[in-house]
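*Asks:* Structure below; questions to follow.
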Amino acid sequence: MSRLPGIDDLEVDGKRVLVRADLNVPLEAGAVVDDFRIRAALATIQVLRERGARVIVASHLGRPKGPDPELSLAPVAVRLQELGGFPVRLAGDVAGIEAKKTVAGMEPGEVVLLENTRFHPGETKNDPELAEALAALADAFVLDAFGSAHRAHASTVGVAELLPSAASPLVQAEVDALRRLLEERRSPYVVVLGGAKVSTKIGVIEALLPRVDAMLIGGAMAFTLLTADGYDVGSSRVEEQMLGEARGVLKGPHGARVMLPDDAVVADRFAADADHKVVPTGDMPEGWMGLDIGPEAAERFAGVIANAETLFWNGPMGVFEWEAFRTGTARIAEAVVECEGMTVVGGGDTAAALKLFGLEDRVTHLSTGGGAGLEFVEGKALPGIEVLERKSDGT
Ligand code: ADP
Ligand code: MG
């Protein structure tokens, strides 16, 4: 496997460096609600400024189909300036005349934020013209948005093809941690999966099951698998179209490695203040829905997690946003941080749950990757990472 080049491999002093960051933050009424991603991107921007670079930052925000004032990066520019304590100028477009003008006047140490990359229709198509226009703005490229590395877009792959390019320290840390899950895993290797849907995680289930010792499944996903196994799960969320694949997993050669919850917290409706009670998953009442794993399942899962040498957790065990259905996720989080093996946790909502419990610093690695992280652990090549490795090979 090729080496992933870092900032140290680039000449940045006095140069214009384009950083593809992930500034896809939640906005409400034109203001940034959570600046976690802006803070994360600051690290790379500061390193480059200290080394004398002129820093040009690019990011997408939401899914606009073209220019959309509601998804302008303007509020992000304001917050980046506040947090960084340096002036940030927002360019009026992605890589057009406005961007060119704004970048032309930059001094070393200055920061320019390009407008939302998805304002340009060529971004998601990896349009060569957009890639060239972006490349023309800078002398070097740094990928900081690991969460976008699984997409071959103009601002991730296209521009990296054209400029001397490197991964930011954040991306290097992500890749190092996730690669250890693939290459240095030690037994018992335990994977804990949960969250909303089987359909978004079936790839991970199928890819990891042959490699793990145990796969513990909670969240809404568990009810689709239980249904496939012949259980009646009442009004729980079940993905009918996934039942065939779920059955395939359970009846497959490694199906015995899957552990499903023995009990569940069921509610009479989907609401924070719903009536709720603990029942065995073999005896779920009609009209009630499972919104968390039960205490017995949580203890059994925690026992398996305690002995893991390698652990990967993605997906909450229940609707942890609501206090009544948080216990299972809290118990698993506690077991994961107590585990002495290597613990890697991924997924936006899983990360939010860990933060809610104040445990985010107590795992080996908290991945920011989301879909990109899942594709990586499935063993798929991420185009945004691959291009950096390929170029460092000189091929
Ligand atoms: P992540 O972002 O960590 O990958 P997902 O997006 O797959 O996780 O799933 C997280 C969501 O799943 C949470 O919003 C949570 O409320 C929901 N969820 C978990 N368990 C259930 C359940 N039993 N029924 C309905 N929703 C659930
Ligand atoms: Mg999610």
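We label chains A, B, ... in the order they appear in the structure tokens, count residues from 1 in each chain, and number ligands from 1 in the order shown.
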Please write out the residues within 7 Å of ligand 2 as a ChimeraX atom specification, counting only C-alpha atoms and all ligand atoms.
*Replies:* /A:347-349
*Asks:* Next, dump the selected residues to file, keeping only N, CA and C atoms, as a PDB file, in the first residue's frame.
*Replies:*
```pdb
ATOM      1  N   GLY A 347     -19.474   7.425  12.686  1.00  0.00           N
ATOM      2  CA  GLY A 347     -20.890   7.753  12.464  1.00  0.00           C
ATOM      3  C   GLY A 347     -21.241   9.064  13.132  1.00  0.00           C
ATOM      4  N   GLY A 348     -21.906   9.934  12.416  1.00  0.00           N
ATOM      5  CA  GLY A 348     -22.241  11.260  12.941  1.00  0.00           C
ATOM      6  C   GLY A 348     -23.082  11.186  14.194  1.00  0.00           C
ATOM      7  N   ASP A 349     -24.098  10.337  14.183  1.00  0.00           N
ATOM      8  CA  ASP A 349     -24.981  10.259  15.341  1.00  0.00           C
ATOM      9  C   ASP A 349     -24.323   9.524  16.505  1.00  0.00           C
TER      10      ASP A 349
END
```
*Asks:* Please provide as a list in words all residues within 12 Å of Gly234 of chain A, with the sequence filter that same-chain residues fewer than 6 positions apart are discarded (counting only C-alpha atoms).
*Replies:*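 Near Gly234 of chain A, the qualifying residues are Phe223, Thr224, Leu226, Thr227, Ala264, Val266, Ala267, Asp268, Arg269, Val279, Thr281, Gly282, Asp283, Met284, Pro285, Glu286, Gly287, Trp288, Met289, Gly290 and Leu291 of chain A.
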*Asks:* Keeping only N, CA and C atoms, write those residues as a compact mmCIF listing (two decimals), in the first residue's frame.
*Replies:*
```txt
# COMPACT_ATOMS: atom_id res chain seq x y z
N PHE A 223 -34.38 -4.72 14.27
CA PHE A 223 -35.75 -5.23 14.10
C PHE A 223 -35.98 -5.80 12.71
N THR A 224 -35.25 -5.28 11.73
CA THR A 224 -35.31 -5.88 10.38
C THR A 224 -34.67 -7.26 10.44
N LEU A 226 -34.30 -9.19 13.14
CA LEU A 226 -35.16 -10.07 13.94
C LEU A 226 -36.33 -10.58 13.10
N THR A 227 -36.91 -9.67 12.30
CA THR A 227 -38.03 -10.07 11.43
C THR A 227 -37.56 -11.14 10.45
N ALA A 264 -35.98 -5.57 24.45
CA ALA A 264 -36.06 -4.23 23.86
C ALA A 264 -36.92 -3.33 24.73
N VAL A 266 -39.85 -0.98 24.36
CA VAL A 266 -40.86 -0.67 23.35
C VAL A 266 -41.71 0.52 23.80
N ALA A 267 -42.22 1.26 22.80
CA ALA A 267 -43.03 2.45 23.07
C ALA A 267 -44.35 2.33 22.32
N ASP A 268 -45.39 2.99 22.84
CA ASP A 268 -46.70 2.88 22.19
C ASP A 268 -46.84 3.86 21.02
N ARG A 269 -45.87 4.77 20.86
CA ARG A 269 -45.83 5.65 19.69
C ARG A 269 -44.43 6.22 19.58
N VAL A 279 -39.53 -5.47 27.14
CA VAL A 279 -40.12 -6.78 26.81
C VAL A 279 -39.06 -7.65 26.14
N THR A 281 -37.56 -9.73 23.10
CA THR A 281 -37.81 -9.55 21.67
C THR A 281 -38.64 -10.70 21.11
N GLY A 282 -38.71 -11.82 21.84
CA GLY A 282 -39.54 -12.93 21.42
C GLY A 282 -41.02 -12.71 21.75
N ASP A 283 -41.33 -11.62 22.42
CA ASP A 283 -42.70 -11.41 22.88
C ASP A 283 -43.06 -9.92 22.81
N MET A 284 -42.92 -9.35 21.61
CA MET A 284 -43.18 -7.91 21.47
C MET A 284 -44.66 -7.67 21.19
N PRO A 285 -45.28 -6.80 22.00
CA PRO A 285 -46.73 -6.60 21.87
C PRO A 285 -47.10 -5.89 20.56
N GLU A 286 -48.24 -6.26 20.02
CA GLU A 286 -48.73 -5.66 18.79
C GLU A 286 -48.96 -4.16 19.00
N GLY A 287 -48.61 -3.36 18.01
CA GLY A 287 -48.85 -1.93 18.09
C GLY A 287 -47.76 -1.16 18.82
N TRP A 288 -46.80 -1.86 19.43
CA TRP A 288 -45.69 -1.18 20.12
C TRP A 288 -44.44 -1.29 19.25
N MET A 289 -43.57 -0.29 19.39
CA MET A 289 -42.35 -0.29 18.57
C MET A 289 -41.10 -0.27 19.43
N GLY A 290 -40.08 -1.01 18.98
CA GLY A 290 -38.81 -1.06 19.71
C GLY A 290 -38.00 0.20 19.43
N LEU A 291 -37.68 0.94 20.51
CA LEU A 291 -36.89 2.17 20.32
C LEU A 291 -35.55 2.11 21.04
```
*Asks:* I'd like the neighbourhood of His150 of chain A as a ChimeraX atom specification, where a residue qualifies if any of its atoms comes within 6 Å (using only C-alpha atoms), though same-chain residues fewer than 3 positions away should be ignored.
*Replies:* /A:372,382-383
*Asks:* Produce a file of the selected residues containing C-alpha atoms, as a PDB file, in the first residue's frame.
*Replies:*
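Result saved to out.pdb:
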```pdb
ATOM      1  CA  ALA A 372     -16.465   7.583   3.906  1.00  0.00           C
ATOM      2  CA  LEU A 382     -11.710   6.049  -1.459  1.00  0.00           C
ATOM      3  CA  PRO A 383     -11.055   8.081  -4.620  1.00  0.00           C
TER       4      PRO A 383
END
```
*Asks:* Report as CSV: every residue of chain A with an atom at most 10 Å from ligand 1, its closest pair of atoms, and their distance in Å to one decimal, counting only C-alpha atoms and all ligand atoms, with rows sorted by chain and ascending residue number.
*Replies:*
```
residue,atom,partner,partner_atom_place_in_ligand_line,distance
A:Leu193,CA,ligand 1,7 (O),8.6
A:Gly194,CA,ligand 1,7 (O),6.4
A:Gly195,CA,ligand 1,9 (O),3.2
A:Ala196,CA,ligand 1,12 (O),3.6
A:Lys197,CA,ligand 1,7 (O),5.9
A:Val198,CA,ligand 1,7 (O),8.3
A:Ser199,CA,ligand 1,7 (O),9.5
A:Thr200,CA,ligand 1,7 (O),7.2
A:Lys201,CA,ligand 1,7 (O),7.7
A:Gly218,CA,ligand 1,20 (N),7.1
A:Gly219,CA,ligand 1,20 (N),3.5
A:Ala220,CA,ligand 1,23 (N),3.5
A:Met221,CA,ligand 1,23 (N),7.2
A:Ala222,CA,ligand 1,23 (N),7.6
A:Phe223,CA,ligand 1,23 (N),7.5
A:Ser236,CA,ligand 1,24 (N),6.8
A:Arg237,CA,ligand 1,24 (N),6.0
A:Val238,CA,ligand 1,24 (N),9.1
A:Ala264,CA,ligand 1,23 (N),8.8
A:Val265,CA,ligand 1,23 (N),8.7
A:Val266,CA,ligand 1,23 (N),8.7
A:Ala267,CA,ligand 1,23 (N),9.9
A:Phe270,CA,ligand 1,25 (C),8.1
A:Met289,CA,ligand 1,24 (N),7.6
A:Gly290,CA,ligand 1,23 (N),5.1
A:Leu291,CA,ligand 1,23 (N),3.6
A:Asp292,CA,ligand 1,23 (N),5.2
A:Ile293,CA,ligand 1,23 (N),7.6
A:Trp313,CA,ligand 1,3 (O),8.7
A:Asn314,CA,ligand 1,3 (O),5.4
A:Gly315,CA,ligand 1,3 (O),3.9
A:Pro316,CA,ligand 1,19 (C),5.4
A:Met317,CA,ligand 1,20 (N),5.3
A:Gly318,CA,ligand 1,20 (N),3.3
A:Val319,CA,ligand 1,16 (O),3.4
A:Phe320,CA,ligand 1,16 (O),5.7
A:Glu321,CA,ligand 1,16 (O),5.9
A:Trp322,CA,ligand 1,16 (O),7.9
A:Phe325,CA,ligand 1,20 (N),8.5
A:Arg326,CA,ligand 1,16 (O),9.2
A:Gly328,CA,ligand 1,20 (N),9.7
A:Thr329,CA,ligand 1,19 (C),9.0
A:Val345,CA,ligand 1,3 (O),8.8
A:Gly346,CA,ligand 1,3 (O),6.4
A:Gly347,CA,ligand 1,3 (O),3.4
A:Gly348,CA,ligand 1,2 (O),3.9
A:Asp349,CA,ligand 1,2 (O),3.7
A:Thr350,CA,ligand 1,3 (O),3.7
A:Ala351,CA,ligand 1,3 (O),6.4
A:Ala352,CA,ligand 1,3 (O),7.8
A:Ala353,CA,ligand 1,3 (O),8.3
A:Leu354,CA,ligand 1,3 (O),10.0
A:Gly369,CA,ligand 1,4 (O),9.6
A:Gly370,CA,ligand 1,4 (O),6.2
A:Gly371,CA,ligand 1,4 (O),7.7
A:Gly373,CA,ligand 1,4 (O),9.7
A:Leu374,CA,ligand 1,4 (O),8.6
```
*Asks:* With a cut-off of 7 Å, could you pull out the residues of segment 106-165 of chain A touching segment 75-88 of chain A and give me the nearest pair of atoms for each, distance in Å to one decimal, using only C-alpha atoms, ordered by chain and ascending number, as a tab-separated table?
*Replies:*
```
residue	atom	partner	partner_atom	distance
A:Glu110	CA	A:Pro87	CA	7.0
A:Val111	CA	A:Val88	CA	5.1
A:Val112	CA	A:Val88	CA	5.5
A:Leu113	CA	A:Ala77	CA	6.7
```
*Asks:* Can you pull out every residue within 12 Å of Asp176 of chain A, counting only C-alpha atoms, but drop anything in the same chain fewer than 3 positions away, and send it as an mmCIF file with N, CA, C and O atoms, in the first residue's frame?
*Replies:*
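Resulting contents of result26.cif:
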```cif
data_model
loop_
_atom_site.group_PDB
_atom_site.id
_atom_site.type_symbol
_atom_site.label_atom_id
_atom_site.label_comp_id
_atom_site.auth_asym_id
_atom_site.auth_seq_id
_atom_site.Cartn_x
_atom_site.Cartn_y
_atom_site.Cartn_z
ATOM 1 N N ARG A 3 2.156 5.189 0.367
ATOM 2 C CA ARG A 3 2.219 6.134 1.458
ATOM 3 C C ARG A 3 1.284 7.306 1.169
ATOM 4 O O ARG A 3 1.133 7.742 0.027
ATOM 5 N N LEU A 4 0.700 7.810 2.224
ATOM 6 C CA LEU A 4 -0.182 8.968 2.080
ATOM 7 C C LEU A 4 0.641 10.229 2.356
ATOM 8 O O LEU A 4 1.082 10.435 3.478
ATOM 9 N N ALA A 167 -2.437 14.971 2.162
ATOM 10 C CA ALA A 167 -3.509 14.816 3.146
ATOM 11 C C ALA A 167 -3.183 15.678 4.359
ATOM 12 O O ALA A 167 -2.021 15.810 4.740
ATOM 13 N N PRO A 169 -3.214 16.579 8.486
ATOM 14 C CA PRO A 169 -3.005 15.712 9.654
ATOM 15 C C PRO A 169 -4.285 14.992 10.080
ATOM 16 O O PRO A 169 -4.247 13.821 10.481
ATOM 17 N N LEU A 170 -5.423 15.670 9.972
ATOM 18 C CA LEU A 170 -6.719 15.070 10.323
ATOM 19 C C LEU A 170 -7.009 13.849 9.444
ATOM 20 O O LEU A 170 -7.420 12.792 9.925
ATOM 21 N N VAL A 171 -6.791 14.005 8.155
ATOM 22 C CA VAL A 171 -7.047 12.907 7.218
ATOM 23 C C VAL A 171 -6.044 11.783 7.443
ATOM 24 O O VAL A 171 -6.401 10.601 7.422
ATOM 25 N N GLN A 172 -4.791 12.136 7.705
ATOM 26 C CA GLN A 172 -3.788 11.100 7.984
ATOM 27 C C GLN A 172 -4.171 10.287 9.221
ATOM 28 O O GLN A 172 -4.039 9.068 9.231
ATOM 29 N N ALA A 173 -4.660 10.974 10.256
ATOM 30 C CA ALA A 173 -5.063 10.279 11.489
ATOM 31 C C ALA A 173 -6.242 9.345 11.226
ATOM 32 O O ALA A 173 -6.283 8.217 11.731
ATOM 33 N N ARG A 179 -7.160 2.143 8.924
ATOM 34 C CA ARG A 179 -6.321 1.117 8.297
ATOM 35 C C ARG A 179 -5.936 0.036 9.312
ATOM 36 O O ARG A 179 -5.832 -1.130 8.981
ATOM 37 N N ARG A 180 -5.742 0.466 10.571
ATOM 38 C CA ARG A 180 -5.418 -0.524 11.611
ATOM 39 C C ARG A 180 -6.556 -1.521 11.783
ATOM 40 O O ARG A 180 -6.321 -2.677 12.115
ATOM 41 N N LEU A 181 -7.814 -1.053 11.580
ATOM 42 C CA LEU A 181 -8.955 -1.971 11.670
ATOM 43 C C LEU A 181 -8.880 -3.041 10.588
ATOM 44 O O LEU A 181 -9.377 -4.152 10.746
ATOM 45 N N LEU A 182 -8.278 -2.683 9.459
ATOM 46 C CA LEU A 182 -8.187 -3.625 8.344
ATOM 47 C C LEU A 182 -6.943 -4.490 8.443
ATOM 48 O O LEU A 182 -6.957 -5.660 8.099
ATOM 49 N N GLU A 183 -5.833 -3.892 8.912
ATOM 50 C CA GLU A 183 -4.544 -4.573 8.792
ATOM 51 C C GLU A 183 -3.988 -5.139 10.085
ATOM 52 O O GLU A 183 -3.298 -6.141 10.065
ATOM 53 N N GLU A 184 -4.263 -4.467 11.192
ATOM 54 C CA GLU A 184 -3.612 -4.890 12.441
ATOM 55 C C GLU A 184 -4.612 -5.416 13.444
ATOM 56 O O GLU A 184 -4.361 -5.434 14.631
ATOM 57 N N VAL A 344 -12.431 1.982 17.860
ATOM 58 C CA VAL A 344 -12.681 2.991 16.829
ATOM 59 C C VAL A 344 -14.192 3.190 16.721
ATOM 60 O O VAL A 344 -14.941 2.219 16.582
ATOM 61 N N THR A 364 -9.980 5.095 21.266
ATOM 62 C CA THR A 364 -8.720 5.216 20.545
ATOM 63 C C THR A 364 -8.858 6.218 19.402
ATOM 64 O O THR A 364 -8.012 7.077 19.202
ATOM 65 N N HIS A 365 -9.947 6.103 18.666
ATOM 66 C CA HIS A 365 -10.155 7.045 17.562
ATOM 67 C C HIS A 365 -11.641 7.282 17.327
ATOM 68 O O HIS A 365 -12.409 6.336 17.216
ATOM 69 N N SER A 367 -13.951 8.668 14.607
ATOM 70 C CA SER A 367 -13.895 9.013 13.192
ATOM 71 C C SER A 367 -14.941 10.055 12.855
ATOM 72 O O SER A 367 -16.071 10.006 13.336
ATOM 73 N N GLY A 373 -15.993 6.702 6.133
ATOM 74 C CA GLY A 373 -15.406 5.764 7.091
ATOM 75 C C GLY A 373 -15.950 4.359 6.899
ATOM 76 O O GLY A 373 -15.201 3.376 6.950
ATOM 77 N N PHE A 376 -14.453 2.823 3.852
ATOM 78 C CA PHE A 376 -13.063 2.445 4.117
ATOM 79 C C PHE A 376 -12.993 1.103 4.844
ATOM 80 O O PHE A 376 -12.242 0.207 4.444
ATOM 81 N N VAL A 377 -13.791 0.942 5.908
ATOM 82 C CA VAL A 377 -13.711 -0.324 6.650
ATOM 83 C C VAL A 377 -14.287 -1.491 5.847
ATOM 84 O O VAL A 377 -13.962 -2.648 6.103
ATOM 85 N N ILE A 385 -8.565 9.608 -1.428
ATOM 86 C CA ILE A 385 -7.326 9.146 -0.782
ATOM 87 C C ILE A 385 -6.422 8.497 -1.831
ATOM 88 O O ILE A 385 -5.211 8.734 -1.873
#
```
*Asks:* Could you check which of A:Val19, A:Ala271, A:Leu90, A:Val249 is closest to Ala135 of chain A, using only C-alpha atoms?
*Replies:* A:Val19
*Asks:* In Å, rounded to a single decimal, give me how far atom CA of Leu10 of chain A is from atom CA of Ala166 of chain A.
*Replies:*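 Atom CA of Leu10 of chain A lies 7.1 Å from atom CA of Ala166 of chain A.
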*Asks:* Which residues are close to segment 139-144 of chain A, i.e. within 10 Å by only C-alpha atoms, leaving aside same-chain residues fewer than 3 positions away? Reply as a ChimeraX atom specification.
*Replies:* /A:5-7,10-12,14-22,40-41,43-45,48,53-59,134-136,147-149,155-157,159-172,384-385,388
*Asks:* Which residue, A:Glu28, A:Pro67, A:Gly252, A:Glu107, has the smallest gap to Asp13 of chain A when you use only C-alpha atoms?
*Replies:*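 Using only C-alpha atoms, the shortest distance to Asp13 of chain A belongs to A:Glu107.
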*Asks:* List every residue of segment 167-240 of chain A that DSSP, applied to the backbone of this structure, places in alpha helix (DSSP H), and write the result as JSON, numbers by chain.
*Replies:* {"A": [169, 170, 171, 172, 173, 174, 175, 176, 177, 178, 179, 180, 181, 182, 183, 202, 203, 204, 205, 206, 207, 208, 221, 222, 223, 224, 225, 226, 227, 228]}
*Asks:* Any chance you can output those residues with N, CA and C atoms as a CSV table (one decimal), in the first residue's frame?
*Replies:*
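In the end it all went to selection.csv:
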```
chain,number,residue,atom,x,y,z
A,169,PRO,N,-3.2,16.6,8.5
A,169,PRO,CA,-3.0,15.7,9.7
A,169,PRO,C,-4.3,15.0,10.1
A,170,LEU,N,-5.4,15.7,10.0
A,170,LEU,CA,-6.7,15.1,10.3
A,170,LEU,C,-7.0,13.8,9.4
A,171,VAL,N,-6.8,14.0,8.2
A,171,VAL,CA,-7.0,12.9,7.2
A,171,VAL,C,-6.0,11.8,7.4
A,172,GLN,N,-4.8,12.1,7.7
A,172,GLN,CA,-3.8,11.1,8.0
A,172,GLN,C,-4.2,10.3,9.2
A,173,ALA,N,-4.7,11.0,10.3
A,173,ALA,CA,-5.1,10.3,11.5
A,173,ALA,C,-6.2,9.3,11.2
A,174,GLU,N,-7.2,9.8,10.4
A,174,GLU,CA,-8.4,9.0,10.1
A,174,GLU,C,-7.9,7.7,9.4
A,175,VAL,N,-7.1,7.9,8.4
A,175,VAL,CA,-6.7,6.8,7.5
A,175,VAL,C,-5.8,5.8,8.4
A,176,ASP,N,-4.9,6.3,9.2
A,176,ASP,CA,-4.1,5.5,10.1
A,176,ASP,C,-5.0,4.6,11.0
A,177,ALA,N,-6.0,5.2,11.6
A,177,ALA,CA,-6.8,4.5,12.6
A,177,ALA,C,-7.7,3.5,11.8
A,178,LEU,N,-8.3,3.9,10.7
A,178,LEU,CA,-9.2,2.9,10.0
A,178,LEU,C,-8.4,1.8,9.4
A,179,ARG,N,-7.2,2.1,8.9
A,179,ARG,CA,-6.3,1.1,8.3
A,179,ARG,C,-5.9,0.0,9.3
A,180,ARG,N,-5.7,0.5,10.6
A,180,ARG,CA,-5.4,-0.5,11.6
A,180,ARG,C,-6.6,-1.5,11.8
A,181,LEU,N,-7.8,-1.1,11.6
A,181,LEU,CA,-9.0,-2.0,11.7
A,181,LEU,C,-8.9,-3.0,10.6
A,182,LEU,N,-8.3,-2.7,9.5
A,182,LEU,CA,-8.2,-3.6,8.3
A,182,LEU,C,-6.9,-4.5,8.4
A,183,GLU,N,-5.8,-3.9,8.9
A,183,GLU,CA,-4.5,-4.6,8.8
A,183,GLU,C,-4.0,-5.1,10.1
A,202,ILE,N,-25.7,-2.5,5.1
A,202,ILE,CA,-25.6,-3.9,4.7
A,202,ILE,C,-24.2,-4.2,4.1
A,203,GLY,N,-23.6,-3.2,3.4
A,203,GLY,CA,-22.3,-3.4,2.8
A,203,GLY,C,-21.3,-3.6,3.9
A,204,VAL,N,-21.4,-2.9,5.0
A,204,VAL,CA,-20.4,-3.1,6.2
A,204,VAL,C,-20.7,-4.5,6.8
A,205,ILE,N,-21.9,-4.8,7.0
A,205,ILE,CA,-22.2,-6.1,7.6
A,205,ILE,C,-21.6,-7.2,6.8
A,206,GLU,N,-21.9,-7.2,5.5
A,206,GLU,CA,-21.4,-8.3,4.6
A,206,GLU,C,-19.9,-8.3,4.5
A,207,ALA,N,-19.3,-7.1,4.5
A,207,ALA,CA,-17.8,-7.0,4.3
A,207,ALA,C,-17.1,-7.5,5.6
A,208,LEU,N,-17.7,-7.1,6.8
A,208,LEU,CA,-16.9,-7.3,8.0
A,208,LEU,C,-17.2,-8.7,8.7
A,221,MET,N,-32.1,-1.2,13.0
A,221,MET,CA,-31.6,-2.3,12.2
A,221,MET,C,-31.9,-3.6,12.7
A,222,ALA,N,-31.8,-3.7,14.1
A,222,ALA,CA,-32.0,-5.0,14.7
A,222,ALA,C,-33.4,-5.6,14.4
A,223,PHE,N,-34.4,-4.7,14.3
A,223,PHE,CA,-35.7,-5.2,14.1
A,223,PHE,C,-36.0,-5.8,12.7
A,224,THR,N,-35.2,-5.3,11.7
A,224,THR,CA,-35.3,-5.9,10.4
A,224,THR,C,-34.7,-7.3,10.4
A,225,LEU,N,-33.5,-7.4,11.1
A,225,LEU,CA,-32.9,-8.7,11.2
A,225,LEU,C,-33.7,-9.7,12.0
A,226,LEU,N,-34.3,-9.2,13.1
A,226,LEU,CA,-35.2,-10.1,13.9
A,226,LEU,C,-36.3,-10.6,13.1
A,227,THR,N,-36.9,-9.7,12.3
A,227,THR,CA,-38.0,-10.1,11.4
A,227,THR,C,-37.6,-11.1,10.4
A,228,ALA,N,-36.4,-10.9,9.9
A,228,ALA,CA,-35.8,-11.9,8.9
A,228,ALA,C,-35.6,-13.2,9.6
```
*Asks:* Just the number, please: distance in Å from atom CA of Thr117 of chain A to atom CA of Gly52 of chain A, one decimal.
*Replies:* 25.1 Å
